[in-house]
Structure formats: structure tokens, C-alpha cells
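Chemist: Pasting a structure here, questions to come.
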Amino acid sequence: MHQFIDRRANPKGKSHGNRQRFLRRARDNIKERVDRSVRDKSIQDGEGVAAEGEKVTIPSKGLQEPRFFHGPGGNRKHVLPGNKEFVVGDTIPKPDGGSGQGGGKASEEGEGSDDFSFTLTRDEYLEILFDGLELPDLVEKSTVETETIGSRRAGLTTAGTPNNLNLVRTMRNSLGRRIALRRPSAQAEADLEAEIEVLTGLPSPTKAQVALLEDLQTRLEALQRKRKVVGYIDPIDLRFDTHVPEKIKKSRAVVFCLMDVSGSMQEREKDLGKRFFLLLHLFLSRCYEHTELVFIRHTHVAEEVDEETFFYARETGGTIVSTALDKMREVIAERFPAQEWNIYGAQVSDGENFGNDSVRCRKLLLDDLLPVCQYYAYMEIVEEGADAVLNNPEAGDDLWQNYRTVKAQTPHFEMQRVSHAAHIYPIFREFFLPRIKGGQNA
Amino acid sequence: MLDVKPGSNLLFDGPEWSFELLEKARDAIEDIALNDLGLNVYQNQIEIISAEQMLDAYSCTGLPLMYQHWSFGKHFARDEALYRTGRQGLAYEIVINSNPCISYNMEENTMAMQTLVMAHAAFGHNHFFKNNYLFLQWTDADGIHDYLAFAKNYIAACEERYGLDAVEEILDSAHALQTQGVFRYGRPPKPTAQELEAMQRVRDGHESARSLLDIWTDATLGKTKEGEHPDEPQSARRKSLNLPQENILYFLEKHSPILKPWQRELLRIVRMLAQYFYPQKQTKVMNEGCATFVHYYIINELFSQGRLSEGAFMEMMHSHTNVVLQPEYDDPRYSGINPYALGFAMMMDIKRICETPTQEDREWFPDLAGHADWRAVLRDAWANYRDESFIQQFLSPHLMRKFKLFTLVDDADQKDLVVSQIHNRAGYKEIRRSLAQQYDLAYLEPDIQVTDADLSGDRRLILSHTVRDGIQLEEKNKEEVLRHLRTLWGYDVCLNAVETVVER
């Protein structure tokens, strides 16, 4: 007998374990490529990592499976199909690569290509990208969790509403009880009735038959009585599913993207800023169930805008950084109460600020924003090739200097300078490397 | 037996398949396969799977159960990438040499394709697995599932106990020697009485006791290899080690000075599977030829019975034609001789020689020409040959002309390639011999044997590679494999190339 089996409903991903082993083995190579892909990633594709995953190409070194096989050379014979004009003794120049006529025999097992391409899923990509990174200050300042009420199954009860009736358990009890109490089956009743009918239908029953008929009728009565007394389903059988309400903890985060969009911020600066925000968002969306983004741009006034406007609209005006911080404080007060949201701030600027506004920024940060923020990162974009500034934290304008005092006072404030796209990712890593436990309190 | 009313004689109409239609088609195919062709098949278990599951199956060499290793993950990633980007389609089916014979059919197939695939795999391949002498002698179709389950669980347990890295290291090394992990000619030495008794002891307490692939090793037997005498002469030593030994994995499993019992078991698993697949490597042309011939015959028969619509028949023929396409050597699609094409053509040719032989056929195949029962001739060929001997025996001049075969000599010392034979009277025999050799695994795969190991001395393992026709091993891979070999042996290993002169 031949049979068919429908396996389509079986779980796929039978080789998941193999894949994990493969990723584990190629981890270093993959990591390097992922880091690089982030550095070179085009900012146009918005979300950064497409939902269907990320294609990576890694060198196949370390992934080869060596075998003994014949190399080129030697004296070989090949039989080929499709002779057209050759006669015995004809010569043909050897194709390049010596053994090209070998039907691929020679290069089949070898390192035909040096690179190996495959696709990482989004989760795998992020996992590798943010490998070893942690949320800052998790120890000192616990993340905020909100509670919602959900329901959880809590076993069975004997009372409930019909819609929660657990049929399987109820019928199991019913069956057990019916067997235990020897409830006669409908079949037994029908059999008796049939027998009685035969007997009553007899034209001239014998004595024995009459006696049998009576006996049968008493038995039938007893049986029917018993069937009545021992119900098919008794209230005692009933079982109901129960659910109990449960508090479900949910964590959510909001990321404030603050950027200077005054005339001095050109395409390059915005581009760097975008990469930074992108990484931050990707990272946080991995740590929290729900993340929101707020975009605040500022010149000498600040406003909350959508992403498109934030990155691509042109704006002119002076530069007053504190307006953005004011705006952020406002939005927090309006929409994101600190006891419900984990608040992250990320600010990008070229370091210019108006007059003595920087002092005000420092005050705003220290007094209003940093106490409610989980983390605040400031990234200053400097000219390409301005290595002197880049490497010297002492140097810098007013804003930089004021922020340095902030940094000295608060551990969950970070600041860095970048001049090139390739700097962003390392700096980002630096921001979020796991801290040694037991730093100062905020 | 199906009694279909005249007028609605068709097995199915339209592209959609359903399990009822599959069963109907299967019964019709089975009728022809068993009662007309006289095939003898294992019970079939036909499983319908999705594309993802097919990819999964690919990476595990098609087996329903397989131990886990990164290289399977790598193959999966590569196949998946090729499939997703549309550069590679998936097979319509995969069939496994087991009893019951499991074949996987893709759910995307149309009903016509499912019918074709069933005839091909569930009856063609199935018959070949059940009847070919190589499979009968070297594989255990009844026990393979038990063995795979054992291997998977055993390796998982090892990973748990000794760590992923330790297991991976041994498996990597064993995989590198996989092609050297088969017995080509002789069986392993028979177990001694003491070993048999120990096997029986363990077997009594084990479920999968029926397995021919005995899973009992020295590890389960305890010490059996005591008593190496330090002063014995080299010849005696080689005898006690069963040298020379072509199965390097077997040798390492039995005699490596450093491996722990579980590591030996891993080697054993790898070589058992290599041995299981070895007959398939030796019978590509015949196996595919047999399956293709069977499906071709069956669908034609079904069509002439009026049980296939013309549309379905055209779809099947289209697919069949693609499968047996043999591009010529100068065609960009050419990548060697297509085993489907060659196998199918040869089997059709055998049928032709039996039915309508020419004078030439009578000269070349006196026993075959005009044979009354081509089915019996084919069944005999399927049962008793492998690719090399099959070609050597049955490739006809007619077919060589049809394929326009010619031989090229590629001598490293010569500047040019030389056409040495073409499809003419002078060349037939030589071309046939060369083509047969092209399918002789013993010739294709390097001949490497363990020749000596002084276990009580410096413990250096000596291998020799018998070089034929001046063809050396690929250098880079050779070094890599030797590195793996050292890992498993624990001491120095050297590989000597021994030149031989074979008259050609």
C-alpha cells in the first residue's frame, strides 16, 4: 500500500540549528561585513534594514570544506558530445585555465569563488550589528515599564459561562461517570425494544415466551429508569476554562532627534546625523517593544516636524540651540510622561550657537531634561580633515565646552565628535558599550 | 482497479491537484509499473512539501533526519540565495533510498507534474533502489531511518556533553575525509566472536537492533585492540592493522592513538553515511536513466489509454524534453554529459535493439538483438550494472553516432588538445571504454590508502596516493585535508605520491 502524507503543515526551518552553527562559525567575518555595511549604508532607504533581511557577502575563508581531489595536469581523456567537423588527429588549442575542458571537474570542489553571499534575516542582522551593546545605565536607573491588563489561562473550574465550556474535559468526565455507573447504552435499549416488539408481534406466544416478554419489559423499565437517573451529561461533569486578568508589563521608548538645520548644516552634516539617528532607532527598537520617534529641528526657532521635513527641507536662520531643548521639554510634558516612557535624546549639531545661549542649554539639560532621560547623546560634526579638533576634547566652541561640564556631572550623557561617515558606527558602539557596574548615580 | 466510464476516462483535468486525484493517478501508474513493466518496488510514502521544506531537505542531502553541522547551514544559505534570486529552481522531487521509499513532492507542482514525478521517483527510482545490486549489497533501506535517528541523537548528546566546538572539530575533519571513508572493494573485516558476543549484549537492550548498519564499535565493546607487539616485523604489523587500507576513516576509527570513544563514534557515523551514498554516486546515469525511462513509458501508456488530456501530456513532454536535453560541447549550456540524457537514451536504445535490431546491432549485441522481452532485458540491466559497466556493456554505435561522441586527449606535456577518436567504426570501442572510465569512481576519485603506521614507534601515519596518468592532487586542498588528518591521528602524517604507469 502506498500512502500520501501532507507535510506542508510541518514546521519549516528544519535546518535552523545548522544555520545557527553556520552563523556562529562565520561570526567574525559576518560581523565585519555588517559593520561595514552600516557604515556605507545609503541613507535614502530610510529604515535602514529592509524587513526581508540584509544580504551579506563574506570571504569564504574558514568556510571551505576541503577534500582530496585531482588537480590540473596529467594525461586525461574526455568524451564529449556534439562533434561537428573534427576528424581523428585534429588539434584544438587548450582553453585558458588548463583544465577548462574537464567539465568543471577540477574546480567543482575548490574555491570557485572567494566570496560567499547569503541573506541574514533582520533579526540576525540586528543581533550581530548590536552584538555586545547594552542600554546605558540599566543598573542605576531602571527602565520604565507600563502595565496593561491582559488575560491568561488559569486552568479549569466547575462553574462558568457556556461559551467557556471545555468540551473535551466535560465529555471525558461524562464518559467516565457513565462507565462507572453502568449507564445502559442507547443500543442496549434499542435491542431490548426490538426483542419485545418481536415477541409482542407473535400471533400465539407460548408460555415461556410470555414469561420472557414480561421479564424483558421489567428489564426495559429498569433500564429506562436507570438511563433517566444517570444522565448523559451531569452538572458534575461540567468543566469550564477560566482566564484570570494579568498585568502585562510593556516597555516603550521615545527617541528625540534634535538637529540644527541652520545654513551651516549642509548635506554632509545632515547625512551624518541621519546615520546616527538611524542606528539609535534600530538599536532601541530592539530593546523596547515599542519605540517612537520625535523629530525636532531648529534654527533660531525650533519646531517638531515629520521625518521627511526633518532631513530634507531647507531652512535659513540663526542658531539658537536652547530652543530645541525647550521644545523637547514641552513635548515631554505634553505627550510623554516620564513615568510611562523611556526617553532618549540624540542631538546633532555642528557646534555653532548664538551668543551665550550655550549656558542656557547646559542649565536646561541639567535641570529639566537629563533627570527624565534614560540617556542623552550629543554628536558634533566637524569639518573633514579637522583632526586637531577631532582628537582634542579640550578644544571647541562654547557649546562643546558647556556640554563638557554637563558630561562631567552626569553619567548618562555622552558626547562625541565625528567628521566622516565611517566614524559614526564606532562612536555609536562606544556610547552603548556595557558599562562597568556601579557607576555614579544620576 | 479503476473503472472509469468511457467519455470521462481522464485521470484529471486541469492543473490543480488534490489528494483524491493523486491517489487515482498513483493507482493508474502503479498498474502500468507493476503489471506492464514488471517493476518491483518498496512501499511508497509520498510526502507533499513546501518550497521552504524543500530547501531544508536540500541542505541535509535530502535525508529526512540529519545531524546538525554548520556546513549544512552553509549549503542552505547558498541554495536559498540562489533560489530567492531566481538563479536556481528547485527540484520537483527528492527520493530517498529507504523502505518505505520516501519521496518528497513539491506542492507547487501542477497535477500533471505530480503525475510525472510520481512515475519518475516513486516507481522509477524506487525500483532501482530495490533491485540494483549495489544498493542491495551496500545499503540498508530498512535500517537507514533508525540509523539516522541514532546519529542525530548521538551527535546532539555529544554536543551537549563535550561542547559544540569539540564536536565540530571532529566532524569537520571527518567530513574532509568523507570520500576516503568508503569501502570500494572489500568489506571491513568480520567481527571476531568476542565482538559479536558483545554486540549481541548491547543489541539486546537496543531498539534499532535490526539495523544492518551495525552501530557497535570498539567503544561499546571495550578494549579489544590490546596486544600490539613492539618487536613484530613490519609485515606482521601491517597485517594486524589490516593494511593497506583504503577506508581512511575506518582506519582512524579503529587505530587512531588519540581519539576518545565518542570521537570514534562520530567518525563511524560520517563514514556510514558516506558508504550509504556511495552506490548513488556510482549509478547516476543508470538511476536517472531508469527513472526517466519509467516515467516516459508510463505517461505515454497513460496517454494512449486516453487517461491524460493532450494538455497534460504536452506539459509532461515539455518537462521531459528539458530534462533529457544534452547540449553539445560548444553550447554555452554545456556542463558535461547529462546523466538523464545518456541514461534515458541508452535505455530507449536497448528497447530499440530488442524490438527492431539492425545488422550492426546484431553484430554488436548478439544476445540482445531481437530479444523477445525488452522489459526483462532492462530489468536485468537495472539490477546488475553500475554506470561504468553499463556503458561498457550497452553503449551502441548507433547511440555514439546520435550523440556524436568524440574523445579529446588532454596531455599536460602537449601544447594542444588532440582529437583521438570520433564516432566511426575505428573509434567506437575506444570511445565506449573512455566514456565508461569517465564514470568509474575508482578512477575519478584519488586512490589514497593508509600503508603503514608504527603504533609503538614514532606513530607516524603513512599514506600513499597512487598517481595515475600523472594526475596529482590539488595542492591547497591536500594540505588542508592533511591538517584535518593530523587532528584525527594526533601524530605526524605523511602522504607519498606513487607514480604508476598504466598502459592505455
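So you can find residues: chains in the C-alpha cells are A, B, ... in the order shown, residues in each start at 1, and ligands are numbered from 1 in order.
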Could you please tell me, as a VMD selection string, which residues of chain B have an atom within 7 Å of chain A when using only C-alpha atoms?

Modeler: chain B and resid 43 to 50 52 to 53 56 68 to 74 77 to 78 81 176 to 177 328 to 329 335 to 336 403 to 412 416 to 422 431 434 to 435 445 to 446 469 to 474 477 to 478 480 to 481

Chemist: Need the shell around Ile391 of chain B: protein/DNA/RNA residues with any atom at most 9 Å away, counting only C-alpha atoms. Skip same-chain ones fewer than 6 positions apart. Format as a list of chain:residue names?

Modeler: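 Returned residues: B:Met346, B:Arg432, B:Arg433, B:Leu435, B:Ala436, B:Tyr439.
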
Chemist: Restrict the selected residues to N, CA, C and O atoms and save them as a PDB file, in the first residue's frame.

Modeler:
```pdb
ATOM      1  N   MET B 346      20.213   5.504 -23.583  1.00  0.00           N
ATOM      2  CA  MET B 346      20.719   4.135 -23.637  1.00  0.00           C
ATOM      3  C   MET B 346      19.611   3.123 -23.401  1.00  0.00           C
ATOM      4  O   MET B 346      19.571   2.060 -24.028  1.00  0.00           O
ATOM      5  N   ARG B 432      33.807   4.137 -26.209  1.00  0.00           N
ATOM      6  CA  ARG B 432      32.988   3.488 -25.196  1.00  0.00           C
ATOM      7  C   ARG B 432      33.817   3.211 -23.944  1.00  0.00           C
ATOM      8  O   ARG B 432      33.370   3.469 -22.818  1.00  0.00           O
ATOM      9  N   ARG B 433      35.044   2.770 -24.148  1.00  0.00           N
ATOM     10  CA  ARG B 433      35.895   2.485 -22.986  1.00  0.00           C
ATOM     11  C   ARG B 433      36.204   3.780 -22.219  1.00  0.00           C
ATOM     12  O   ARG B 433      36.127   3.824 -20.993  1.00  0.00           O
ATOM     13  N   LEU B 435      34.477   6.562 -22.164  1.00  0.00           N
ATOM     14  CA  LEU B 435      33.279   7.093 -21.504  1.00  0.00           C
ATOM     15  C   LEU B 435      32.983   6.285 -20.242  1.00  0.00           C
ATOM     16  O   LEU B 435      32.651   6.849 -19.202  1.00  0.00           O
ATOM     17  N   ALA B 436      33.119   4.987 -20.329  1.00  0.00           N
ATOM     18  CA  ALA B 436      32.891   4.150 -19.156  1.00  0.00           C
ATOM     19  C   ALA B 436      33.842   4.556 -18.038  1.00  0.00           C
ATOM     20  O   ALA B 436      33.459   4.666 -16.878  1.00  0.00           O
ATOM     21  N   TYR B 439      33.014   7.364 -15.838  1.00  0.00           N
ATOM     22  CA  TYR B 439      32.036   7.117 -14.780  1.00  0.00           C
ATOM     23  C   TYR B 439      32.555   6.146 -13.739  1.00  0.00           C
ATOM     24  O   TYR B 439      31.801   5.696 -12.885  1.00  0.00           O
TER      25      TYR B 439
END
```

Chemist: Contacts of Met314 of chain B at 12 Å or less, counting only C-alpha atoms, minus same-chain residues fewer than 2 places along, as a list in words?

Modeler: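 Listing them by chain and then by number gives Ala112, Met113, Leu116, Ile299, Asn300, Phe303, Leu308, Ser309, Glu310, Gly311, Ala312, Met316, Met317, His318, Ser319, His320 and Thr321 of chain B.
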
Chemist: Output N, CA, C and O atoms of each residue in that selection to a file, as a PDB file, in the first residue's frame.

Modeler:
```pdb
ATOM      1  N   ALA B 112      -0.291  17.585 -13.465  1.00  0.00           N
ATOM      2  CA  ALA B 112       0.460  16.856 -14.487  1.00  0.00           C
ATOM      3  C   ALA B 112       1.872  16.567 -13.983  1.00  0.00           C
ATOM      4  O   ALA B 112       2.391  15.453 -14.134  1.00  0.00           O
ATOM      5  N   MET B 113       2.483  17.569 -13.349  1.00  0.00           N
ATOM      6  CA  MET B 113       3.836  17.369 -12.836  1.00  0.00           C
ATOM      7  C   MET B 113       3.847  16.343 -11.716  1.00  0.00           C
ATOM      8  O   MET B 113       4.764  15.527 -11.611  1.00  0.00           O
ATOM      9  N   LEU B 116       3.828  13.019 -13.272  1.00  0.00           N
ATOM     10  CA  LEU B 116       5.136  12.710 -13.858  1.00  0.00           C
ATOM     11  C   LEU B 116       6.145  12.344 -12.765  1.00  0.00           C
ATOM     12  O   LEU B 116       6.883  11.361 -12.858  1.00  0.00           O
ATOM     13  N   ILE B 299       3.863   7.612 -18.908  1.00  0.00           N
ATOM     14  CA  ILE B 299       2.969   8.682 -19.366  1.00  0.00           C
ATOM     15  C   ILE B 299       2.516   8.431 -20.795  1.00  0.00           C
ATOM     16  O   ILE B 299       1.387   8.728 -21.158  1.00  0.00           O
ATOM     17  N   ASN B 300       3.374   7.844 -21.606  1.00  0.00           N
ATOM     18  CA  ASN B 300       2.945   7.518 -22.963  1.00  0.00           C
ATOM     19  C   ASN B 300       1.832   6.474 -22.937  1.00  0.00           C
ATOM     20  O   ASN B 300       0.870   6.563 -23.694  1.00  0.00           O
ATOM     21  N   PHE B 303      -1.324   8.062 -21.804  1.00  0.00           N
ATOM     22  CA  PHE B 303      -1.904   8.899 -22.852  1.00  0.00           C
ATOM     23  C   PHE B 303      -2.590   8.036 -23.902  1.00  0.00           C
ATOM     24  O   PHE B 303      -3.699   8.344 -24.359  1.00  0.00           O
ATOM     25  N   LEU B 308      -4.880  10.692 -20.103  1.00  0.00           N
ATOM     26  CA  LEU B 308      -4.291  12.017 -19.917  1.00  0.00           C
ATOM     27  C   LEU B 308      -4.835  12.922 -21.009  1.00  0.00           C
ATOM     28  O   LEU B 308      -4.950  12.502 -22.160  1.00  0.00           O
ATOM     29  N   SER B 309      -5.136  14.156 -20.639  1.00  0.00           N
ATOM     30  CA  SER B 309      -5.560  15.104 -21.663  1.00  0.00           C
ATOM     31  C   SER B 309      -4.345  15.496 -22.488  1.00  0.00           C
ATOM     32  O   SER B 309      -3.201  15.337 -22.059  1.00  0.00           O
ATOM     33  N   GLU B 310      -4.579  16.025 -23.666  1.00  0.00           N
ATOM     34  CA  GLU B 310      -3.448  16.408 -24.508  1.00  0.00           C
ATOM     35  C   GLU B 310      -2.623  17.496 -23.842  1.00  0.00           C
ATOM     36  O   GLU B 310      -1.406  17.521 -23.942  1.00  0.00           O
ATOM     37  N   GLY B 311      -3.326  18.382 -23.152  1.00  0.00           N
ATOM     38  CA  GLY B 311      -2.612  19.474 -22.476  1.00  0.00           C
ATOM     39  C   GLY B 311      -1.658  18.944 -21.423  1.00  0.00           C
ATOM     40  O   GLY B 311      -0.488  19.319 -21.375  1.00  0.00           O
ATOM     41  N   ALA B 312      -2.171  18.025 -20.606  1.00  0.00           N
ATOM     42  CA  ALA B 312      -1.337  17.462 -19.546  1.00  0.00           C
ATOM     43  C   ALA B 312      -0.170  16.711 -20.169  1.00  0.00           C
ATOM     44  O   ALA B 312       0.981  16.819 -19.708  1.00  0.00           O
ATOM     45  N   MET B 316       3.856  17.410 -19.688  1.00  0.00           N
ATOM     46  CA  MET B 316       4.819  16.403 -19.235  1.00  0.00           C
ATOM     47  C   MET B 316       5.947  16.229 -20.246  1.00  0.00           C
ATOM     48  O   MET B 316       7.115  16.135 -19.874  1.00  0.00           O
ATOM     49  N   MET B 317       5.598  16.208 -21.510  1.00  0.00           N
ATOM     50  CA  MET B 317       6.621  16.007 -22.530  1.00  0.00           C
ATOM     51  C   MET B 317       7.580  17.192 -22.563  1.00  0.00           C
ATOM     52  O   MET B 317       8.780  17.046 -22.773  1.00  0.00           O
ATOM     53  N   HIS B 318       7.025  18.367 -22.333  1.00  0.00           N
ATOM     54  CA  HIS B 318       7.867  19.565 -22.298  1.00  0.00           C
ATOM     55  C   HIS B 318       8.919  19.431 -21.199  1.00  0.00           C
ATOM     56  O   HIS B 318      10.109  19.642 -21.408  1.00  0.00           O
ATOM     57  N   SER B 319       8.425  19.042 -20.021  1.00  0.00           N
ATOM     58  CA  SER B 319       9.331  18.883 -18.899  1.00  0.00           C
ATOM     59  C   SER B 319      10.333  17.757 -19.163  1.00  0.00           C
ATOM     60  O   SER B 319      11.531  17.888 -18.901  1.00  0.00           O
ATOM     61  N   HIS B 320       9.828  16.680 -19.729  1.00  0.00           N
ATOM     62  CA  HIS B 320      10.693  15.539 -20.036  1.00  0.00           C
ATOM     63  C   HIS B 320      11.805  15.951 -21.012  1.00  0.00           C
ATOM     64  O   HIS B 320      12.971  15.616 -20.834  1.00  0.00           O
ATOM     65  N   THR B 321      11.410  16.712 -22.022  1.00  0.00           N
ATOM     66  CA  THR B 321      12.383  17.126 -23.028  1.00  0.00           C
ATOM     67  C   THR B 321      13.472  17.994 -22.411  1.00  0.00           C
ATOM     68  O   THR B 321      14.651  17.875 -22.747  1.00  0.00           O
TER      69      THR B 321
END
```

Chemist: Return as a ChimeraX atom specification the full set of residues in segment 108-246 of chain A whose backbone-based DSSP assignment is alpha helix (DSSP H).

Modeler: /A:122-129,167-180,186-200,207-229

Chemist: Looking at only C-alpha atoms, which of B:Thr283, B:Gln275, B:Asn126, B:Asn247 is the one that sits closest to Asp140 of chain B?

Modeler: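 For Asp140 of chain B, the nearest of the given residues is B:Gln275.
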
Chemist: Give the answer as one residue: which of B:Val323, B:Ile298, B:Leu259, B:Leu148 has the shortest atom-to-atom distance to Met118 of chain B, using only C-alpha atoms?

Modeler: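 Looking at the shortest contact to Met118 of chain B, the residue is B:Ile298.
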
Chemist: May I have the residues within 12 Å of Lys407 of chain A as a list in words, using only C-alpha atoms and disregarding those fewer than 3 positions away in the same chain?

Modeler: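 Neighbouring residues, sequence-local ones excluded: Arg362, Leu365, Leu366, Leu370, Tyr375, Tyr376, Ala377, Tyr378, Pro393, Trp400, Gln401, Asn402, Tyr403, Arg404, Thr410, Pro411, His412, Phe413, Glu414, Met415, Gln416 and Ala442 of chain A.
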
Chemist: Write a file of the selected residues as an mmCIF file, in the first residue's frame, keeping C-alpha atoms.

Modeler:
```
data_model
loop_
_atom_site.group_PDB
_atom_site.id
_atom_site.type_symbol
_atom_site.label_atom_id
_atom_site.label_comp_id
_atom_site.auth_asym_id
_atom_site.auth_seq_id
_atom_site.Cartn_x
_atom_site.Cartn_y
_atom_site.Cartn_z
ATOM 1 C CA ARG A 362 23.592 73.447 29.954
ATOM 2 C CA LEU A 365 19.885 69.805 30.258
ATOM 3 C CA LEU A 366 20.953 69.541 33.853
ATOM 4 C CA LEU A 370 18.641 64.801 31.994
ATOM 5 C CA TYR A 375 20.242 58.691 28.024
ATOM 6 C CA TYR A 376 21.297 61.693 26.060
ATOM 7 C CA ALA A 377 23.829 61.664 23.272
ATOM 8 C CA TYR A 378 25.356 64.651 21.630
ATOM 9 C CA PRO A 393 38.378 67.232 23.588
ATOM 10 C CA TRP A 400 31.103 71.989 23.359
ATOM 11 C CA GLN A 401 32.667 73.472 26.468
ATOM 12 C CA ASN A 402 29.364 73.797 28.243
ATOM 13 C CA TYR A 403 28.386 70.278 27.357
ATOM 14 C CA ARG A 404 31.665 69.105 28.755
ATOM 15 C CA THR A 410 26.042 63.158 34.621
ATOM 16 C CA PRO A 411 26.992 59.651 33.620
ATOM 17 C CA HIS A 412 24.106 59.175 31.194
ATOM 18 C CA PHE A 413 25.201 61.992 28.974
ATOM 19 C CA GLU A 414 27.631 61.252 26.169
ATOM 20 C CA MET A 415 29.282 63.448 23.605
ATOM 21 C CA GLN A 416 31.468 62.728 20.612
ATOM 22 C CA ALA A 442 22.309 60.313 38.031
#
```

Chemist: Applying 12 Å and only C-alpha atoms, which residues near Asp367 of chain A remain after dropping the ones on its own chain fewer than 6 positions away? List them as a ChimeraX atom specification.

Modeler: /A:325-326,329,360-361,373,406,409-410,442

Chemist: Given the selection you just returned, output its residues as a file containing N, CA, C and O atoms, formatted as a PDB file, in the first residue's frame.

Modeler:
```pdb
ATOM      1  N   LEU A 325      15.910  72.392  22.849  1.00  0.00           N
ATOM      2  CA  LEU A 325      15.788  71.733  24.154  1.00  0.00           C
ATOM      3  C   LEU A 325      14.480  72.138  24.823  1.00  0.00           C
ATOM      4  O   LEU A 325      13.810  71.322  25.451  1.00  0.00           O
ATOM      5  N   ASP A 326      14.115  73.407  24.659  1.00  0.00           N
ATOM      6  CA  ASP A 326      12.831  73.874  25.191  1.00  0.00           C
ATOM      7  C   ASP A 326      11.687  73.077  24.598  1.00  0.00           C
ATOM      8  O   ASP A 326      10.781  72.637  25.295  1.00  0.00           O
ATOM      9  N   ARG A 329      11.444  69.659  25.945  1.00  0.00           N
ATOM     10  CA  ARG A 329      10.843  69.651  27.276  1.00  0.00           C
ATOM     11  C   ARG A 329       9.325  69.770  27.168  1.00  0.00           C
ATOM     12  O   ARG A 329       8.569  69.078  27.841  1.00  0.00           O
ATOM     13  N   ARG A 360      22.608  78.481  28.740  1.00  0.00           N
ATOM     14  CA  ARG A 360      21.213  78.139  28.948  1.00  0.00           C
ATOM     15  C   ARG A 360      20.967  76.657  28.617  1.00  0.00           C
ATOM     16  O   ARG A 360      20.226  75.974  29.314  1.00  0.00           O
ATOM     17  N   CYS A 361      21.606  76.221  27.539  1.00  0.00           N
ATOM     18  CA  CYS A 361      21.480  74.802  27.161  1.00  0.00           C
ATOM     19  C   CYS A 361      21.930  73.918  28.309  1.00  0.00           C
ATOM     20  O   CYS A 361      21.277  72.921  28.639  1.00  0.00           O
ATOM     21  N   CYS A 373      15.568  61.791  31.329  1.00  0.00           N
ATOM     22  CA  CYS A 373      16.058  60.993  30.207  1.00  0.00           C
ATOM     23  C   CYS A 373      16.780  59.745  30.688  1.00  0.00           C
ATOM     24  O   CYS A 373      17.465  59.776  31.705  1.00  0.00           O
ATOM     25  N   VAL A 406      28.489  69.421  31.519  1.00  0.00           N
ATOM     26  CA  VAL A 406      27.342  68.529  31.747  1.00  0.00           C
ATOM     27  C   VAL A 406      27.825  67.093  31.872  1.00  0.00           C
ATOM     28  O   VAL A 406      27.448  66.359  32.785  1.00  0.00           O
ATOM     29  N   GLN A 409      29.188  65.954  35.030  1.00  0.00           N
ATOM     30  CA  GLN A 409      28.267  65.793  36.158  1.00  0.00           C
ATOM     31  C   GLN A 409      27.308  64.624  36.018  1.00  0.00           C
ATOM     32  O   GLN A 409      26.754  64.158  37.007  1.00  0.00           O
ATOM     33  N   THR A 410      27.044  64.216  34.793  1.00  0.00           N
ATOM     34  CA  THR A 410      26.042  63.158  34.621  1.00  0.00           C
ATOM     35  C   THR A 410      26.620  62.005  33.821  1.00  0.00           C
ATOM     36  O   THR A 410      27.181  62.219  32.754  1.00  0.00           O
ATOM     37  N   ALA A 442      22.675  59.143  38.805  1.00  0.00           N
ATOM     38  CA  ALA A 442      22.309  60.313  38.031  1.00  0.00           C
ATOM     39  C   ALA A 442      21.714  61.390  38.923  1.00  0.00           C
ATOM     40  O   ALA A 442      20.898  61.105  39.752  1.00  0.00           O
TER      41      ALA A 442
END
```

Chemist: Quick one: everything within 10 Å of Thr157 of chain A, counting only C-alpha atoms, minus sequence neighbours fewer than 4 positions away in the same chain. Send it as number ranges by chain.

Modeler: A: 164-166, 238-243
